[in-house]
Every structure is written in C-alpha cells, then in structure tokens.
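K.L.:
Handing you this structure, nothing more for now.
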Amino acid sequence: MARLGKRQPADTRGGPALKRALTTPLLYFFILGDVLGAGVYVLVGQVAADAGGAVWVPLAVALLLAMLTAGSYAELATKYPRAGGASHYATRAFGPFAGFVAGFCMLAAGIVSVAALARGFGGDYLSAFVTLPVGLVAVLFLALLALVNARGIKESTRANVVATVVEVGGLLVIVVLGGWLLLRGDGDVARLGQLGTPEKGAAAAVLSGSVLAYYSFVGFETSVNVAEETRDPRRSYPRALFGALATAGAVYVLVGIAASVAVPTDRLAGSSGPLLEVVEAAGGVPTRLFSAIALVAVANGALLTGIMSSRLAYGMARDGLLPAALTKVLPGRRTPWAAIAVTTLLSMLLALTGSVATLASTLVLLLLVVFLIVNTAVLVLRRDPGEADEDAGHFRAPTVLPVLGIASCVVLATQIEAAVWLRGLLVVAVGTVLAAFAAVRGTAGGTDRGAGAGRDGSE
C-alpha cells in the first residue's frame with residue numbers, strides 16, 4: 001500500500017493527484033501531435049520571402065532555439081509534475097503577479113494563433129474549391145469552430161485524432177514529392193543554398209525567417225500540463241519532449257527542402273498555400289485532394305488552440321483573475337460558452353485586421369515573453385527542492401541551456417517589426433494592468449484563493 005501511495009501521491013493543495021497513465025511512447029505522440037501542425041502548411045512561403053530559397057535553414061535554426069527553451073520546460077515539468085505550466089512556474093519563482101502575466105500572454109497567444117490560422121484557411125488552399133473574401137471566410141470559419149468547441153471536448157478530441165493523422169500524412173506526401181522531383185531531374189538543388197534577399201544579408205535573413213519558423217514549433221510548451229499524468233515523468237518527459245521536437249524538426253526540414261527544390265522562391269513567397277505549389281510542380285497528386293488535407297490540418301490546429309484558449313480564459317475567470325462572466329457554461333453540454341464566445345470574437349477581430357505573417361510574428365513575440373520568464377524561472381528555482389519524488393529526483397538541464405534560451409528570446413525579439421511590437425506591447429500592457437488589479441483585489445479581500453496562490457507560488 002505504501003508503494004501504491006508513492007506512485008499516486010496526494011496533490012500538495014490537499015486533493016488527490018491525477019492518475020499517472022501516460023507512458024513515454026504515449027507522451028511522445030501527444031507532444032508530436034501538438035507540434036506537427038498547421039503552421040508549416042501556411043508559413044513556408046512567408047519564411048521564403050524573409051530568408052530566400054534555403055527555407056530549411058530557418059526551420060533548422062528555429063528547432064535548435066526551441067530545444068533550448070525545451071530544456072527549461074523539461075527541468076520544471078519534472079521538478080513540479082503538475083498542471084499549470086508557465087504560469088505556475090512564474091508564480092513559484094516571482095510571485096502571483098508574474099504568474100498572471102505569463103498566463104495572460106499564453107491566453108493572448110492562443111487567440112492570435114487562431115486568428116492566423118483562420119486567415120490561412122481562407123487562402124489558396126480554399127481557392128482550389130471556391131474563391132471567397134479571406135475576411136468573410138475567416139469569420140464564418142471561426143464561428144463554425146466555436147460551435148464545435150461548444151458542443152463538447154469529447155467530440156472535439158475525437159475529431160483531432162483523425163485530423164492529426166491526415167495532416168502528418170500531408171507533410172509526408174510533400175517530402176515524397178520533393179524526392180520524386182529530384183529523381184526525375186526537375187528540381188533546382190541550387191536554391192537550397194540561397195540565403196538572403198535584396199533587402200537583407202544572409203545572417204539577417206536567417207534570423208528574420210527563424211521568427212516565423214519558430215511558430216511551427218510552438219505547442220511543446222502546453223505538454224507540461226500532462227506531466228502530472230505521466231508515469232515516471234523524470235525519465236519519460238525529457239525523452240518524449242526532445243524526441244518529439246527532433247522528429248518534428250526533421251519532418252519540417254525535409255518539407256522545407258522539398259518546397260525549395262520544387263518551387264522558385266518568388267512563387268513560393270507569393271503563395272498563401274505554399275505546399276500546394278509543390279504538389280502542382282510534382283504532379284501525380286490531385287491538387288484538390290491535397291488542398292483538402294491542408295484545410296483539415298489548418299482547421300484542426302485552430303480547433304485545438306481554440307479549445308486551449310477558451311479553457312484557459314474560463315480557468316482564469318474561475319480563479320477571479322478575469323471577469324466572472326467568462327465562467328458561464330452551457331447547462332447540458334457543460335462547456336464554457338461565454339469564454340468560447342469572447343475568445344472567438346477577439347480572434348475574428350484580429351483576423352480582420354492583420355495578415356498571416358503579422359499575426360504569426362505577434363504570437364511568437366508573446367511566447368518569447370513567456371519563454372523568457374520560464375528560462376529565468378528555472379535558474380531562480382534552482383534553490384527550491386521541488387515536488388518530485390525524492391528518490392527519483394528530477395531532470396536538470398545544463399545551466400548553459402536556460403542562459404542561451406534567454407539570449408535566444410532576446411535575439412529573436414530584436415528581429416520583430418515595430419508594428420508587431422506595438423500589438424504585442426499593448427497585449428502585455430493589458431495583462432500587466434489586469435495582474436495589478438487582481439493583486440490589489442487579492443490583498444484587499446484576503447481570500448483563501450489569493451492565499452492559496454501565494455502558498456503555491458512563493459513557498
């Protein structure tokens with residue numbers, strides 16, 4: 001009985017811990033499915049516009065930069081194997097104020113990501129079937145996703161399983177088509193070494209392209225929320241995390257190579273459905289079939305992110321950090337309809353006012369704020385023994401990784417355009433004001449909830 005209790009300890013807040021059911025392979029596929037998504041279907045052309053023909057280089061650089069921050073997440077997730085993610089780590093390291101800012105930036109990043117994918121859905125992939133204004137398509141698309149989201153999490157996750165298989169299959173088709181083009185002598189291998197644009201040298205082009213390519217790797221940071229449900233997270237989580245990122249990176253680099261070889265850079269850069277250009281150049285696969293695959297991938301990515309955003313907004317409202325109106329749920333379905341409605345409306349507004357590239361860069365900027373906090377928190381919390389099993393210990397990243405992770409966040413942030421900075425800083429400012437308001441309310445009210453946050457965060 002003692003051993004059984006040790007495998008399933010009580011939560012430090014007094015409740016029972018979640019069931020540890022995820023093995024290393026299951027966790028690996030969970031993270032892989034979260035990372036391998038819609039971003040690359042939409043952004044390869046934008047990366048080519050920024051970096052030149054060697055699209056694979058910014059993708060490889062973005063992978064290496066993501067690995068740095070993944071080291072910090074691996075340490076913190078095994079040290080504090082419980083749901084909460086960046087917000088929880090920031091709270092423990094710096095207090096509830098920083099925790100709120102981190103959580104709010106994650107929420108805003110999700111809303112922005114859904115908006116970017118909605119615009120991607122209305123681009124060239126959809127044009128294979130029908131031509132409609134992108135803004136109109138984005139609004140209708142988001143409204144439909146909101147209805148699916150409100151119907152229930154069970155139906156949404158079932159749809160995700162099928163969609164993930166479809167979208168990964170689509171990326172593998174692109175890799176095979178690129179190889180086929182090379183074998184028949186129609187590809188241009190010289191483009192694989194073309195870095196830079198008329199406006200930017202090679203180094204600046206790689207950094208600029210890496211900002212957009214970084215978008216393709218986001219998703220791994222949400223996997224920390226299932227560390228509490230993982231068997232032996234000290235061993236399983238780092239292996240699954242780094243393995244999934246390496247697999248996704250290999251697929252993305254191969255996709256970048258295939259796209260660069262198959263399609264002239266200016267044509268790739270001018271398309272909102274860049275992988276469709278590869279299909280048309282190679283032949284053998286009906287363009288409508290691949291367009292349908294891409295649309296499924298984009299819709300799946302938007303649905304998953306929309307679910308995360310609405311649940312995060314609901315959870316923050318339930319904790320008194322956002323307006324209480326966001327806690328309203330449908331009587332029968334028990335889904336947070338108010339949070340779904342508000343996050344969807346905000347995504348609609350952003351989709352109507354920004355391009356895919358601008359929205360993707362805004363998302364990356366918000367995540368860089370979160371990643372900067374996480375990489376700093378892992379160093380601050382080195383003095384804290386953590387919550388992991390004392391006999392097992394926890395994964396410890398070499399100190400150089402979070403230090404380089406901090407530097408990478410700063411370097412990437414310098415490559416983001418001024419207009420994107422204005423959007424991002426406005427979001428951070430709103431989060432800071434709300435965090436200050438929540439802190440004042442917690443201090444004035446002296447509620448148990450506020451006290452609990454302090455215990456979880458700073459002791």
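Naming works like this for the structure tokens: A, B, ... for the chains as they're shown, residue 1 at the start of each chain, ligands 1 onward in shown order.
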Taking a cut-off of 10 Å and counting only C-alpha atoms, can you build a table that, for each residue of region 98-217 of chain A near region 354-378 of chain A, reports the nearest atom pair and how far apart they are in Å (one decimal), sorted by chain then residue number, as a tab-separated table?

P.N.:
residue	atom	partner	partner_atom	distance
A:Ala98	CA	A:Ile373	CA	8.2
A:Gly99	CA	A:Ile373	CA	9.2
A:Val101	CA	A:Val370	CA	8.4
A:Ala102	CA	A:Val370	CA	5.4
A:Gly103	CA	A:Val370	CA	8.3
A:Phe104	CA	A:Val370	CA	9.5
A:Cys105	CA	A:Leu366	CA	5.7
A:Met106	CA	A:Leu367	CA	6.9
A:Leu107	CA	A:Leu366	CA	9.5
A:Ala108	CA	A:Leu366	CA	7.5
A:Ala109	CA	A:Leu363	CA	4.9
A:Gly110	CA	A:Leu363	CA	7.7
A:Ile111	CA	A:Leu363	CA	8.7
A:Val112	CA	A:Leu363	CA	5.9
A:Ser113	CA	A:Leu363	CA	6.2
A:Val114	CA	A:Leu359	CA	9.3
A:Ala115	CA	A:Leu359	CA	7.3
A:Ala116	CA	A:Val356	CA	5.0
A:Leu117	CA	A:Val356	CA	7.5
A:Ala118	CA	A:Val356	CA	8.8
A:Arg119	CA	A:Val356	CA	6.3
A:Gly120	CA	A:Val356	CA	6.6
A:Gly123	CA	A:Val356	CA	9.9
A:Ser208	CA	A:Ser361	CA	9.9
A:Val211	CA	A:Ser361	CA	6.7
A:Leu212	CA	A:Ser361	CA	6.2
A:Ala213	CA	A:Ala360	CA	9.3
A:Tyr214	CA	A:Val364	CA	7.0
A:Tyr215	CA	A:Val364	CA	6.2
A:Ser216	CA	A:Ala360	CA	9.5

K.L.:
CA of Ala163 (chain A) to CA of Ala341 (chain A): how many Å, to one decimal?

P.N.:
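Atom-to-atom, CA of Ala163 (chain A) to CA of Ala341 (chain A), that is 23.6 Å.
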
K.L.:
Taking 4 positions as the minimum chain separation for residues in the same chain, which residues sit within 12 Å of Gly185 (chain A) when counting only C-alpha atoms? Answer as a PyMOL selection string.

P.N.:
chain A and resi 178-181+189+261-262+282

K.L.:
By how many Å are CA of Leu43 (chain A) and CA of Val403 (chain A) apart?

P.N.:
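Atom-to-atom, CA of Leu43 (chain A) to CA of Val403 (chain A), that is 28.6 Å.
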